[in-house]
Amino acid sequence: MDLSKARDGASLFALAAVLMSAQPVNAADTTVTFRTWSPIVETTAKMAVATEAKLPGIKIDYKIFNYPDYIVDLHTRAASDDMPDLIGLEPGALTRQYQDFLLPLQDCAVKSWGADWKSKFFPLAVDQIRLGNVKGDENYYALPVLTQTINMWYTIPVLKEAGLQPPKSYDDMLKMVPKLSGKGIATMLVGAADGWERRDVYMQLIHNVAPGLIYKAEDGTAKFTDAPFVEAMTVWKKLFDDGIIQPGALGLSVSPQAMELTEGGRAATFPQGAWWQQQATRPNPPELSVALNGYAPMLFPDVTGKGRPNDPLGGIDLMIGISKKSKHVDEACKVLADWVSGAGAQELINTFNDLPAFKGINPQVYQSDNQKAVWTLFTEEWLPKVRYARQLKSPAVKQALEDALAAVASGDQTPAQGMATVQAAWQSQKN
Amino acid sequence: MATVELRRVDKTFGTHQAIQGLDLSIADGEFVALVGPSGCGKSTTLRMIAGLEGVSGGAIVIGERDVSHLPARDRDIAMVFQSYALYPHMTVAENIGFGLKLRGTRRSRIAELVDEAAETLQLKEVLGRKPKELSGGQRQRVAMGRAMVRHPQVFLFDEPLSNLDAKLRVHMRAQIKKLHRQLTTTTIYVTHDQTEAMTLADRIVVMNHGRIEQVGTPHQLYGAPVSKFVAGFIGSPEMNFLEAVVDEAAATCDLTFADGSRLSLGEAHVGLPAGRPVTLGIRPEHLHLAGPGDPQDARLSGVVEVIEPLGADTLIHVIVAGRTLVARLAAEVGDRIALGVDRTRAHLFDPASGLTL
Amino acid sequence: MSMSSAPRSGSLAPYLFVLPATVLFVAYVVYPILYVICSSAYRWDGINQATFTGLANYIRLFTHDPAFVLAIRNAVLWAPLTILPQMLLGFAIAYMLETGVPRQAIYQAIFYLPAIISPVVVGIVWQRIYNPFGGLLSDIGFASGLRFLTVPFLSDTKVAIYAVIAVNVWQWTGFSMLLYVAGLKGLPTETLEAAKIEGATLRQTIVYVVWPMLRHVHLTLILLGVIGTLQTFPLIYMLTNGGPNHATESLPNYIFLQAFKLQSMGYASAISVVLMVIALALSLFQVRVLGARFALAE
Ligand SMILES: Nc1ncnc2c1ncn2[C@@H]1O[C@H](COP(=O)(O)OP(=O)(O)OP(=O)(O)O)[C@@H](O)[C@H]1O
Ligand SMILES: [Mg+2]
């Protein structure tokens, strides 16, 4: 070995040590690490500042990935036993996968909000934390930060100009088509290249045809091949064939293409959740999105012909868990609680990123009456009533459903064949 | 076979005039060499004849046809490049037969002709090889085979031997000469090796700065150069030059050199005015050790500085009148010798224009 | 060399010299391969307890997985349909630029541009171009009456893979062009002139002289193209994410889907093993049949 090289290395090391110790880190500070895909960096930064101000002695080290990168990162960290203190999670399969790395958080919840903590959250938020739990496991492996609804929106000036009302039934939509298509406007603009968007539409269809049945199929007490599923699938196909959904939808991603077309005034209605509100808070929003003036939410039109109103669907958008191996469980709990209901939460909610999980937090500033009306509708009328989860438990079934929706829409499979492949996927993941 | 005629040919590259008003007439079956210093326009001239460069003015006539504006492929010429320019992916046989194939010659006929060429050039053993598996000399012969197999009207050679070692060069020179005797195809041959030009060519064209300095047989150029430039270019070793002034021009031509020493040229160059500056040119082979037959005023004396033995004979460098003269003589370094001048072979040039007086 | 180079018996030196390379090879090649082969015999989500299932993953792969079949079909289509057009178009553009366009460098830069654009942007831009609802192609199609341009390229399961391939060709033709430009510049001028003098027409010059003399460029492009085929991920991920219904699925995209989104690391490993075997077979083919003399001009 070349000794001079070794000495160089040593001095470099010493230099690095000096540089590092020169950083203005208060020795007493505890750093809590956070990794996630949501919310976006700008929002997280504001939350961190607000929370650090409230919790002296705690520093928050956060990193935001896009979703695919995040799951790869999480996977790698789990494999090398290097989990962050705070872990961004989705209810269901993702939480289940990392369950062994997660600390049950009911103690943290009690400590933060008292024994009746559950009553302080919207019901769906509490229910869905345990979506991925094995039967009999009563633990809460995460606490919800943001919730969401899955619904439809309409573009107010587009309908007004065409002399139309928000559609309430399939027929209403059908009648809109000839009035809009000549103007290059989609009756329902769908970015159906994204599996989750296809699934969101189908979830609203199936809950219109047979509310709640899909969870029975997940549990094995009903079959995905049962008539209501095929019926909902048939309606899905008809939406394409009747020109309600715009041509080429299967090749269009939600972000940014479908969103841009929507904001360009080319969508009469479109499936998006409560998160669509945040369009108004982005820098330089297009005209329709300014102060959310151009949009209003609506329930999915009745497609059964029975005039049955659709229940809003929804779920937890983001929940956060704490690593079992965390060396700063108390601090992590404090940060998390602040993000759920404290100063951090207020920052988050101010961005209209999505709906709160904790009751009673509202944005401090509304830019318009419409924005306030939309917020109130979501938080006071719909959210307390949401009973049905957006998520499915099994990733394999979810994927099969998304594939079947594409196959049926493109005409490669009949609705019955499509649902048969979903049932087959359910069967094989059960084994 | 054909005559080749260049009529007032010009060539400019951008603003640079590479060839200026070139006139040249080459007889059917003649072997003409183009020589001249680097950059004088030899290749450009050849490439214009080949059709690889267009002419900027004037005309090129091959046979009776004005080919100035015909593409290369319609001129019926063949060219051998310095780099040989063989097709690396083809065998020797394919290389030689390529031009025939392009013209749609029958395969059996191609095979015959290739065979014939290979026979002449002693390439039969290597017909199946690729160029990279050949020696330099073999590659050179393939390039020649490729040219001759088509029996073109004119052969053009651009320094075809300069990539070969000296021995092979001499050998190939003989081959080319033999080939030309057999085929009697009109040939234009560019070289900067004047020995090559002298031994091969019927006539030599000496070029300088894009113009022709002189055209003539090797003998004419050697014996009667029109300028100091041609005189210096033809002959090896190069002609010696000495600056001098005419001091007595009545009956004989007497010269005085810078150091005051003198030389009388006798009656060879009478008629020059006294006091006129001239450049004396004398070839090394026209200097000899002065003997009793040499008049006192036809001698130059100096000290031997360097000896270059060449085997058959020896070159010596002698300091005369402050300049080095080369002579084809035997002597010892340090000897003080007197050189006899072959006065009828001495040349005088105008120092300003370089033209022969 | 006059020095004897036989290693002295008992000397460790020779082994020490190869040690670093060996360590790297084992750490970066052998270990991951063994790891993947091993995982492919398990039912495993990548995080939690794995269950040994023997060849079950492979059986499912080859008998029950239409998406895998599509991914293989797409690779088979992808290789020739990207490599050949990219070579021919790249060559044609390079040849035209090289033989008669002033300000060549500008055009080269323009043609090369797609190759340096991030796949994210390419995906977004081409979705937009292909979108029959107000996209560029369909607008042109409606305006000009060329109805085939109004096809929903990315949403038709029969057309989508060709639409994606076309984008790949668009993106990488400039790269082929660049290699061909370099190759053409390296061709000896005199050889091309010799062909001209010998009477070759433009077509004959290209077919008999220029194209064969660029053999090393062709081989390099084929090699890179095949590697690219087996690694096609970002473009497909951004443009179609393998859809609709796996019609544009690629093996890497499918591996990613199974491994991370569907939490089937074991199954994804089995697909990886298949991919590895294909890659190995192809590289053997290339070395043996085409000869590994890429990039070395003869
Ligand atoms: N394509 C070209 N563009 C610009 N100038 C050129 C070109 N080809 C030749 N020239 C110039 O024309 C002049 C004659 O060049 P040419 O190649 O004919 O010289 P040459 O006599 O063959 O020299 P050498 O003995 O070095 O081969 C030179 O000054 C050269 O720089
Ligand atoms: Mg030259």
# chains A, B, ... in the order shown; residues from 1 in each chain; ligands from 1

$ closest_atom_pairs --of "chain B" --to "ligand 1" --cutoff "9 Å" --atoms "only C-alpha atoms and all ligand atoms" --output "JSON lines"
{"residue": "B:Lys11", "atom": "CA", "partner": "ligand 1", "partner_atom_place_in_ligand_line": "12 (O)", "distance": 8.5}
{"residue": "B:Thr12", "atom": "CA", "partner": "ligand 1", "partner_atom_place_in_ligand_line": "5 (N)", "distance": 7.9}
{"residue": "B:Phe13", "atom": "CA", "partner": "ligand 1", "partner_atom_place_in_ligand_line": "4 (C)", "distance": 4.7}
{"residue": "B:Gly14", "atom": "CA", "partner": "ligand 1", "partner_atom_place_in_ligand_line": "4 (C)", "distance": 7.0}
{"residue": "B:His16", "atom": "CA", "partner": "ligand 1", "partner_atom_place_in_ligand_line": "5 (N)", "distance": 6.9}
{"residue": "B:Gln17", "atom": "CA", "partner": "ligand 1", "partner_atom_place_in_ligand_line": "12 (O)", "distance": 7.4}
{"residue": "B:Ala18", "atom": "CA", "partner": "ligand 1", "partner_atom_place_in_ligand_line": "12 (O)", "distance": 4.5}
{"residue": "B:Ile19", "atom": "CA", "partner": "ligand 1", "partner_atom_place_in_ligand_line": "14 (C)", "distance": 7.5}
{"residue": "B:Leu34", "atom": "CA", "partner": "ligand 1", "partner_atom_place_in_ligand_line": "21 (O)", "distance": 8.8}
{"residue": "B:Val35", "atom": "CA", "partner": "ligand 1", "partner_atom_place_in_ligand_line": "21 (O)", "distance": 7.8}
{"residue": "B:Gly36", "atom": "CA", "partner": "ligand 1", "partner_atom_place_in_ligand_line": "21 (O)", "distance": 6.5}
{"residue": "B:Pro37", "atom": "CA", "partner": "ligand 1", "partner_atom_place_in_ligand_line": "25 (O)", "distance": 5.9}
{"residue": "B:Ser38", "atom": "CA", "partner": "ligand 1", "partner_atom_place_in_ligand_line": "25 (O)", "distance": 3.5}
{"residue": "B:Gly39", "atom": "CA", "partner": "ligand 1", "partner_atom_place_in_ligand_line": "19 (O)", "distance": 3.4}
{"residue": "B:Cys40", "atom": "CA", "partner": "ligand 1", "partner_atom_place_in_ligand_line": "21 (O)", "distance": 4.0}
{"residue": "B:Gly41", "atom": "CA", "partner": "ligand 1", "partner_atom_place_in_ligand_line": "18 (O)", "distance": 3.2}
{"residue": "B:Lys42", "atom": "CA", "partner": "ligand 1", "partner_atom_place_in_ligand_line": "21 (O)", "distance": 3.7}
{"residue": "B:Ser43", "atom": "CA", "partner": "ligand 1", "partner_atom_place_in_ligand_line": "22 (O)", "distance": 3.6}
{"residue": "B:Thr44", "atom": "CA", "partner": "ligand 1", "partner_atom_place_in_ligand_line": "18 (O)", "distance": 3.6}
{"residue": "B:Thr45", "atom": "CA", "partner": "ligand 1", "partner_atom_place_in_ligand_line": "18 (O)", "distance": 6.4}
{"residue": "B:Leu46", "atom": "CA", "partner": "ligand 1", "partner_atom_place_in_ligand_line": "18 (O)", "distance": 7.9}
{"residue": "B:Arg47", "atom": "CA", "partner": "ligand 1", "partner_atom_place_in_ligand_line": "18 (O)", "distance": 8.2}
{"residue": "B:Glu53", "atom": "CA", "partner": "ligand 1", "partner_atom_place_in_ligand_line": "1 (N)", "distance": 8.4}
{"residue": "B:Asp158", "atom": "CA", "partner": "ligand 1", "partner_atom_place_in_ligand_line": "22 (O)", "distance": 8.0}
{"residue": "B:Glu159", "atom": "CA", "partner": "ligand 1", "partner_atom_place_in_ligand_line": "27 (O)", "distance": 7.9}
{"residue": "B:Val190", "atom": "CA", "partner": "ligand 1", "partner_atom_place_in_ligand_line": "22 (O)", "distance": 7.8}
{"residue": "B:Thr191", "atom": "CA", "partner": "ligand 1", "partner_atom_place_in_ligand_line": "25 (O)", "distance": 7.3}
{"residue": "B:His192", "atom": "CA", "partner": "ligand 1", "partner_atom_place_in_ligand_line": "25 (O)", "distance": 6.1}
{"residue": "B:Met207", "atom": "CA", "partner": "ligand 1", "partner_atom_place_in_ligand_line": "21 (O)", "distance": 8.1}
{"residue": "B:Asn208", "atom": "CA", "partner": "ligand 1", "partner_atom_place_in_ligand_line": "21 (O)", "distance": 8.4}
{"residue": "B:His209", "atom": "CA", "partner": "ligand 1", "partner_atom_place_in_ligand_line": "14 (C)", "distance": 8.0}
{"residue": "B:Gly210", "atom": "CA", "partner": "ligand 1", "partner_atom_place_in_ligand_line": "14 (C)", "distance": 7.1}

$ interface_residues --of "chain C" --to "chain B" --cutoff "8 Å" --atoms "only C-alpha atoms" --output "PyMOL selection string"
chain C and resi 188+190-200+204+209+212-213+298

$ residues_around --residues "segment 170-175 of chain B" --least-positions-apart "3" --cutoff "10 Å" --atoms "only C-alpha atoms" --output "CSV table (one decimal) with C-alpha atoms, in the first residue's frame"
chain,number,residue,atom,x,y,z
B,120,THR,CA,0.6,-9.4,-65.5
B,121,LEU,CA,1.0,-8.0,-62.0
B,137,GLY,CA,3.8,-3.4,-52.9
B,140,GLN,CA,0.0,-0.9,-55.1
B,141,ARG,CA,-0.2,-3.6,-57.7
B,160,PRO,CA,1.6,6.1,-56.6
B,161,LEU,CA,5.0,5.0,-55.2
B,164,LEU,CA,6.8,2.3,-50.7
B,165,ASP,CA,10.3,1.9,-49.4
B,166,ALA,CA,13.1,3.0,-51.7
B,167,LYS,CA,13.9,-0.5,-53.0
B,178,LYS,CA,7.2,-2.1,-68.7
B,179,LEU,CA,3.4,-1.8,-68.3
B,180,HIS,CA,3.3,1.4,-70.3
B,181,ARG,CA,5.3,-0.1,-73.0
B,195,THR,CA,14.3,10.8,-60.6
B,196,GLU,CA,11.0,9.0,-61.1
B,197,ALA,CA,9.9,11.6,-63.6
B,199,THR,CA,13.2,7.7,-65.7
B,200,LEU,CA,9.6,7.2,-66.6

$ residues_around --residues "segment 43-53 of chain C" --least-positions-apart "3" --cutoff "6 Å" --atoms "only C-alpha atoms" --output "list in words"
Ala56, Gln263, Ser264, Met265 and Gly266 of chain C

$ write_last_selection --atoms "N, CA and C atoms" --output "PDB file, in the first residue's frame"
ATOM      1  N   ALA C  56     -42.965 -22.742  -9.389  1.00  0.00           N
ATOM      2  CA  ALA C  56     -44.334 -22.237  -9.586  1.00  0.00           C
ATOM      3  C   ALA C  56     -44.353 -20.915 -10.337  1.00  0.00           C
ATOM      4  N   GLN C 263     -46.052  -6.005  -5.482  1.00  0.00           N
ATOM      5  CA  GLN C 263     -45.381  -6.636  -4.340  1.00  0.00           C
ATOM      6  C   GLN C 263     -45.069  -8.107  -4.593  1.00  0.00           C
ATOM      7  N   SER C 264     -44.724  -8.438  -5.831  1.00  0.00           N
ATOM      8  CA  SER C 264     -44.390  -9.828  -6.147  1.00  0.00           C
ATOM      9  C   SER C 264     -42.935  -9.917  -6.554  1.00  0.00           C
ATOM     10  N   MET C 265     -42.050  -9.765  -5.581  1.00  0.00           N
ATOM     11  CA  MET C 265     -40.626  -9.752  -5.871  1.00  0.00           C
ATOM     12  C   MET C 265     -40.177 -11.092  -6.429  1.00  0.00           C
ATOM     13  N   GLY C 266     -40.729 -12.178  -5.905  1.00  0.00           N
ATOM     14  CA  GLY C 266     -40.343 -13.504  -6.382  1.00  0.00           C
ATOM     15  C   GLY C 266     -40.688 -13.681  -7.847  1.00  0.00           C
TER      16      GLY C 266
END

$ closest_atom_pairs --of "chain C" --to "chain A" --cutoff "10 Å" --atoms "only C-alpha atoms" --output "CSV"
residue,atom,partner,partner_atom,distance
C:Asp45,CA,A:Gln97,CA,7.4
C:Gly46,CA,A:His75,CA,7.5
C:Ile47,CA,A:Gln97,CA,6.8
C:Asn48,CA,A:Gln97,CA,7.1
C:Ala67,CA,A:Asp403,CA,9.8
C:Gly123,CA,A:Ser253,CA,9.7
C:Ile124,CA,A:Gln257,CA,7.3
C:Val125,CA,A:Gln257,CA,9.2
C:Gln127,CA,A:Leu252,CA,6.4
C:Arg128,CA,A:Gln257,CA,6.9
C:Tyr130,CA,A:Gly251,CA,8.1
C:Asn131,CA,A:Gly248,CA,6.0
C:Pro132,CA,A:Gly248,CA,5.5
C:Phe133,CA,A:Pro247,CA,5.8
C:Gly134,CA,A:Gly184,CA,7.4
C:Gly135,CA,A:Gly248,CA,9.8
C:Thr150,CA,A:Gly248,CA,9.6
C:Val151,CA,A:Gly248,CA,8.2
C:Pro152,CA,A:Gly248,CA,4.8
C:Phe153,CA,A:Gly251,CA,7.5
C:Leu154,CA,A:Gly251,CA,4.5
C:Ser155,CA,A:Gly251,CA,4.5
C:Asp156,CA,A:Ser410,CA,6.2
C:Thr157,CA,A:Ser410,CA,6.7
C:Lys158,CA,A:Asp412,CA,9.4
C:Ala160,CA,A:Gly251,CA,8.5
C:Met238,CA,A:Ser253,CA,9.0
C:Leu239,CA,A:Gly251,CA,8.2
C:Thr240,CA,A:Ala193,CA,6.5
C:Asn241,CA,A:Ala193,CA,7.8
C:Gly242,CA,A:Ala193,CA,9.4
C:Gly243,CA,A:Ala193,CA,7.0
C:Pro244,CA,A:Ala406,CA,5.5
C:Asn245,CA,A:Asp403,CA,4.7
C:His246,CA,A:Asp403,CA,7.5
C:Ala247,CA,A:Ala407,CA,9.4
C:Phe256,CA,A:Pro68,CA,9.1
C:Leu257,CA,A:Gln399,CA,9.4
C:Gln258,CA,A:Ala396,CA,9.0
C:Ala259,CA,A:Val72,CA,9.3
C:Phe260,CA,A:Ile71,CA,6.7
C:Lys261,CA,A:Pro395,CA,7.1
C:Leu262,CA,A:Pro395,CA,5.2
C:Gln263,CA,A:Pro395,CA,7.5
C:Ser264,CA,A:Ala396,CA,9.1

$ select_by_dssp --residues "segment 92-224 of chain C" --states "alpha helix (DSSP H)" --output "MDAnalysis selection string"
chainID C and resid 92:98 104:116 119:130 136:144 160:186 189:198 202:204 211:213 215:224

$ write_last_selection --atoms "C-alpha atoms" --output "compact mmCIF listing (two decimals), in the first residue's frame"
# COMPACT_ATOMS: atom_id res chain seq x y z
CA ALA C 92 -29.84 8.42 -45.05
CA ILE C 93 -29.82 11.63 -43.04
CA ALA C 94 -26.13 11.34 -42.29
CA TYR C 95 -25.33 10.74 -45.94
CA MET C 96 -27.36 13.69 -47.11
CA LEU C 97 -25.86 15.97 -44.50
CA GLU C 98 -22.39 14.72 -45.21
CA GLN C 104 -24.18 20.69 -41.38
CA ALA C 105 -23.57 21.03 -37.66
CA ILE C 106 -26.86 22.83 -37.10
CA TYR C 107 -28.87 20.11 -38.79
CA GLN C 108 -26.97 17.45 -36.93
CA ALA C 109 -27.79 19.13 -33.65
CA ILE C 110 -31.46 19.34 -34.61
CA PHE C 111 -31.67 15.68 -35.56
CA TYR C 112 -29.79 14.66 -32.44
CA LEU C 113 -31.96 16.74 -30.14
CA PRO C 114 -34.58 14.03 -29.45
CA ALA C 115 -31.90 11.74 -28.09
CA ILE C 116 -31.05 14.10 -25.27
CA PRO C 119 -38.11 10.45 -21.49
CA VAL C 120 -40.56 12.34 -19.32
CA VAL C 121 -40.79 15.13 -21.85
CA VAL C 122 -40.82 12.74 -24.78
CA GLY C 123 -43.70 10.85 -23.18
CA ILE C 124 -45.71 13.98 -22.56
CA VAL C 125 -45.05 15.48 -25.96
CA TRP C 126 -45.86 12.33 -27.90
CA GLN C 127 -49.00 11.55 -25.92
CA ARG C 128 -50.09 15.00 -26.92
CA ILE C 129 -49.16 14.48 -30.56
CA TYR C 130 -50.94 11.13 -30.71
CA LEU C 136 -51.39 17.30 -33.48
CA LEU C 137 -51.70 14.26 -35.73
CA SER C 138 -55.47 14.11 -35.58
CA ASP C 139 -55.76 17.84 -36.19
CA ILE C 140 -53.61 17.40 -39.29
CA GLY C 141 -55.64 14.31 -40.19
CA PHE C 142 -58.97 16.13 -39.97
CA ALA C 143 -57.69 19.19 -41.76
CA SER C 144 -56.12 17.26 -44.61
CA ALA C 160 -50.14 1.12 -29.67
CA ILE C 161 -46.89 -0.86 -29.78
CA TYR C 162 -46.12 0.45 -33.26
CA ALA C 163 -46.88 3.97 -32.14
CA VAL C 164 -44.43 3.57 -29.27
CA ILE C 165 -41.84 2.04 -31.58
CA ALA C 166 -42.23 5.01 -33.91
CA VAL C 167 -41.44 7.35 -31.02
CA ASN C 168 -38.38 5.31 -30.20
CA VAL C 169 -37.27 5.55 -33.82
CA TRP C 170 -37.91 9.28 -33.75
CA GLN C 171 -35.88 9.59 -30.60
CA TRP C 172 -32.88 7.50 -31.58
CA THR C 173 -32.51 8.08 -35.30
CA GLY C 174 -30.45 11.15 -34.53
CA PHE C 175 -28.10 9.02 -32.49
CA SER C 176 -27.64 6.58 -35.37
CA MET C 177 -27.15 9.57 -37.63
CA LEU C 178 -24.37 10.85 -35.41
CA LEU C 179 -22.54 7.53 -35.46
CA TYR C 180 -22.97 7.35 -39.21
CA VAL C 181 -21.71 10.90 -39.64
CA ALA C 182 -18.63 9.96 -37.66
CA GLY C 183 -18.32 6.77 -39.71
CA LEU C 184 -18.69 8.64 -42.99
CA LYS C 185 -16.15 11.22 -41.95
CA GLY C 186 -13.76 8.38 -41.22
CA THR C 189 -12.04 10.09 -49.45
CA GLU C 190 -9.85 8.55 -52.08
CA THR C 191 -11.66 5.23 -51.91
CA LEU C 192 -14.95 6.97 -52.61
CA GLU C 193 -13.33 8.91 -55.41
CA ALA C 194 -11.96 5.71 -56.83
CA ALA C 195 -15.50 4.36 -56.97
CA LYS C 196 -16.65 7.51 -58.68
CA ILE C 197 -13.95 7.20 -61.30
CA GLU C 198 -14.68 3.55 -61.79
CA LEU C 202 -24.80 7.24 -56.36
CA ARG C 203 -26.84 4.14 -55.64
CA GLN C 204 -23.95 1.82 -56.51
CA TRP C 211 -22.60 0.85 -46.69
CA PRO C 212 -20.23 -2.15 -46.48
CA MET C 213 -17.40 0.07 -45.31
CA ARG C 215 -19.84 -2.31 -41.07
CA HIS C 216 -18.41 -1.40 -37.69
CA VAL C 217 -21.05 1.30 -37.27
CA HIS C 218 -23.81 -1.14 -38.19
CA LEU C 219 -22.54 -3.65 -35.67
CA THR C 220 -22.29 -1.04 -32.95
CA LEU C 221 -25.82 0.12 -33.63
CA ILE C 222 -27.19 -3.41 -33.63
CA LEU C 223 -25.45 -4.16 -30.37
CA LEU C 224 -26.71 -0.98 -28.74

$ residues_around --residues "segment 204-212 of chain A" --least-positions-apart "4" --cutoff "10 Å" --atoms "only C-alpha atoms" --output "JSON, numbers by chain"
{"A": [150, 151, 152, 199, 200, 216, 217, 227, 228, 229, 230, 231, 232, 233, 234, 235, 236, 271, 299, 300, 301, 302, 303, 304, 305, 306, 307, 308, 309, 310, 311, 312, 313, 387, 388, 389, 390]}

$ closest_residue --among "B:Ser227, B:Thr256, B:Gln153, B:Gln194" --to "Arg276 of chain B" --atoms "only C-alpha atoms"
B:Thr256

$ residues_around --residues "Val55 of chain B" --least-positions-apart "5" --cutoff "9 Å" --atoms "only C-alpha atoms" --output "list of chain:residue names"
B:Val9, B:Asp10, B:Lys11, B:Thr12, B:Met48, B:Ile49, B:Ile60, B:Ser68, B:His69

$ write_last_selection --atoms "all heavy atoms" --output "compact mmCIF listing (two decimals), in the first residue's frame"
# COMPACT_ATOMS: atom_id res chain seq x y z
N VAL B 9 -6.72 26.29 -68.60
CA VAL B 9 -7.49 25.81 -67.45
C VAL B 9 -7.16 26.61 -66.20
O VAL B 9 -5.99 26.84 -65.89
CB VAL B 9 -7.22 24.31 -67.20
CG1 VAL B 9 -7.83 23.86 -65.88
CG2 VAL B 9 -7.76 23.49 -68.36
N ASP B 10 -8.22 27.06 -65.52
CA ASP B 10 -8.08 27.77 -64.24
C ASP B 10 -8.75 26.97 -63.15
O ASP B 10 -9.72 26.27 -63.41
CB ASP B 10 -8.79 29.13 -64.29
CG ASP B 10 -8.06 30.12 -65.17
OD1 ASP B 10 -6.81 30.10 -65.14
OD2 ASP B 10 -8.74 30.88 -65.89
N LYS B 11 -8.25 27.15 -61.95
CA LYS B 11 -8.96 26.57 -60.81
C LYS B 11 -8.80 27.48 -59.61
O LYS B 11 -7.67 27.81 -59.23
CB LYS B 11 -8.41 25.18 -60.47
CG LYS B 11 -9.06 24.53 -59.27
CD LYS B 11 -10.49 24.13 -59.57
CE LYS B 11 -11.23 23.68 -58.33
NZ LYS B 11 -12.62 23.30 -58.64
N THR B 12 -9.91 27.89 -59.03
CA THR B 12 -9.82 28.68 -57.80
C THR B 12 -10.57 27.95 -56.69
O THR B 12 -11.62 27.35 -56.92
CB THR B 12 -10.45 30.07 -57.98
OG1 THR B 12 -11.70 29.92 -58.63
CG2 THR B 12 -9.57 30.99 -58.79
N MET B 48 -8.65 17.47 -61.84
CA MET B 48 -9.53 18.11 -62.81
C MET B 48 -9.66 17.26 -64.06
O MET B 48 -10.73 17.13 -64.64
CB MET B 48 -9.03 19.51 -63.15
CG MET B 48 -9.27 20.51 -62.04
SD MET B 48 -9.00 22.21 -62.56
CE MET B 48 -7.27 22.21 -62.87
N ILE B 49 -8.55 16.64 -64.44
CA ILE B 49 -8.60 15.76 -65.61
C ILE B 49 -9.49 14.56 -65.31
O ILE B 49 -10.28 14.13 -66.13
CB ILE B 49 -7.18 15.30 -66.01
CG1 ILE B 49 -6.32 16.52 -66.40
CG2 ILE B 49 -7.24 14.30 -67.17
CD1 ILE B 49 -4.85 16.20 -66.58
N ILE B 60 -11.02 21.00 -70.80
CA ILE B 60 -10.21 19.78 -70.82
C ILE B 60 -10.78 18.90 -71.92
O ILE B 60 -11.98 18.63 -71.96
CB ILE B 60 -10.27 19.06 -69.47
CG1 ILE B 60 -9.63 19.94 -68.39
CG2 ILE B 60 -9.58 17.70 -69.55
CD1 ILE B 60 -9.83 19.43 -67.00
N SER B 68 -14.86 18.72 -69.94
CA SER B 68 -14.78 19.64 -68.80
C SER B 68 -15.95 19.52 -67.83
O SER B 68 -15.79 19.71 -66.64
CB SER B 68 -14.73 21.09 -69.29
OG SER B 68 -13.84 21.19 -70.36
N HIS B 69 -17.11 19.22 -68.36
CA HIS B 69 -18.26 19.20 -67.47
C HIS B 69 -18.92 17.84 -67.37
O HIS B 69 -20.04 17.71 -66.93
CB HIS B 69 -19.26 20.28 -67.90
CG HIS B 69 -18.64 21.65 -67.90
ND1 HIS B 69 -18.33 22.32 -66.73
CD2 HIS B 69 -18.21 22.43 -68.91
CE1 HIS B 69 -17.75 23.47 -67.03
NE2 HIS B 69 -17.66 23.57 -68.35

$ atom_distance --atom1 "atom CA of Ala298 of chain B" --atom2 "atom CA of Gly340 of chain B"
6.2 Å

$ residues_around --residues "segment 105-110 of chain A" --least-positions-apart "2" --cutoff "8 Å" --atoms "only C-alpha atoms" --output "list of chain:residue names"
A:Leu103, A:Ser112, A:Trp113, A:Gly114, A:Ala115, A:Asp116, A:Trp117, A:Asn139, A:Tyr140, A:Tyr141, A:Ala142, A:Leu143, A:Gly321, A:Ile322, A:Cys333, A:Ala337

$ select_by_dssp --residues "segment 27-267 of chain B" --states "strand (DSSP E or B)" --output "PyMOL selection string"
chain B and resi 31-35+57-62+65-66+77-80+154-158+186-190+203-208+211-216+227+240-248+254-257+262-264

$ atom_distance --atom1 "atom CA of Ala270 of chain C" --atom2 "atom CA of His64 of chain C"
13.7 Å
